[in-house]
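> Just passing along the structure, written as structure tokens.
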Amino acid sequence: MAKKQPFKNNNAQFAKAFNKCDATTIATLYSKDAIFMMPETPLYKGTKGVVAVNQSMFDAGYGNIKFTTTKSGSDGDLAFNIGSVSMDQKTANGINKVRGKYMDVYQRQKDGGWKIVATMYNADGPSK
């Protein structure tokens with residue numbers, strides 16, 4: 001039986017970096033071989049992929065991200081974090097409010113810390 005390990009998701013760190021448009025810091029929260037999946041985009045892989053997908057969000061005017069965890073837990077070397085997310089998208093016509101949901105899968109690292117190995121995100125519907 002796997003030994004339980006203490007786990008804390010890094011939503012606060014992610015939000016702080018995202019709201020500063022800092023894709024490089026966001027990438028440090030992910031493993032080097034992480035996978036990032038978003039709707040209507042290709043699969044993003046690795047550190048370069050995590051930087052690229054987040055930079056594309058900044059370039060499209062996204063910011064002010066907020067997370068609400070619905071459920072999280074861990075067992076052994078794997079953990080999960082599921083919840084809802086909201087963010088603003090600045091456009092020529094003002095600000096669109098975007099709401100969605102996400103799931104992060106974490107893996108415990110050799111140093112005992114946790115890194116995200118996979119993220120899946122999708123919007124609840126069209127931007128408003």
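So you can find residues: chains in the structure tokens are A, B, ... in the order shown, residues in each start at 1, and ligands are numbered from 1 in order.
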Please return as a VMD selection string: the residues of chain A that backbone DSSP assigns to strand (DSSP E).
chain A and resid 30 to 37 44 to 45 62 to 75 78 to 91 94 to 108 114 to 123
> Determine, counting only C-alpha atoms, which protein, DNA and RNA residues have an atom within 8 Å of an atom of Asp88 of chain A; residues of the same chain fewer than 4 positions away are not included. Present the result as a list in words.
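Answer for this query is Gly61, Tyr62, Gly63, Asn64, Ile65, Ile95, Asn96, Lys97 and Val98 of chain A.
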> Rounded to one decimal in Å, what is the spacing between atom CA of Pro42 of chain A and atom CA of Phe7 of chain A?
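So the answer is 29.7 Å.
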> In Å, with one decimal, what is the gap from atom CA of Ser86 of chain A to atom CA of Asp124 of chain A?
9.9 Å
> Could you name the residues that touch Phe67 of chain A at 8 Å or less, counting only C-alpha atoms, but leaving out those on the same chain fewer than 6 positions away, as number ranges by chain?
A: 11, 15, 83-86
> Which is closer to Ile116 of chain A than all the others in A:Tyr30, A:Tyr102, A:Phe18, A:Phe36, using only C-alpha atoms?
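Nearest to Ile116 of chain A: A:Tyr30.
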> What is the distance between atom CA of Ala118 of chain A and atom CA of Lys90 of chain A, in Å to one decimal?
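Taking atom CA of Ala118 of chain A as the start and atom CA of Lys90 of chain A as the end point, the length is 27.1 Å.
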> Tell me, as JSON, numbers by chain, which residues lie within 9 Å of Phe14 of chain A, counting only C-alpha atoms; anything in the same chain fewer than 5 positions away does not count.
{"A": [19, 25, 26, 29, 65]}
> Name the closest residue to Asn54 of chain A among the candidates A:Lys71, A:Val117, A:Asp111, A:Met37; distances are taken between atoms, counting only C-alpha atoms.
A:Met37
> Just checking: using only C-alpha atoms, which residue out of A:Met87, A:Ala17, A:Leu78, A:Val105 ends up closest to Thr119 of chain A?
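So, comparing all the options, the nearest one is A:Val105.
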> Name the closest residue to Ala60 of chain A among the candidates A:Gln13, A:Asp104, A:Ser72, A:Thr91; distances are taken between atoms, counting only C-alpha atoms.
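The answer is A:Thr91, which sits nearest to Ala60 of chain A.
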> For each of A:Phe80, A:Asn122, A:Gln109, A:Asn9, take the minimum atom-to-atom distance to Lys32 of chain A, counting only C-alpha atoms, then give the residue where this is smallest.
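Smallest distance to Lys32 of chain A is found for A:Gln109.
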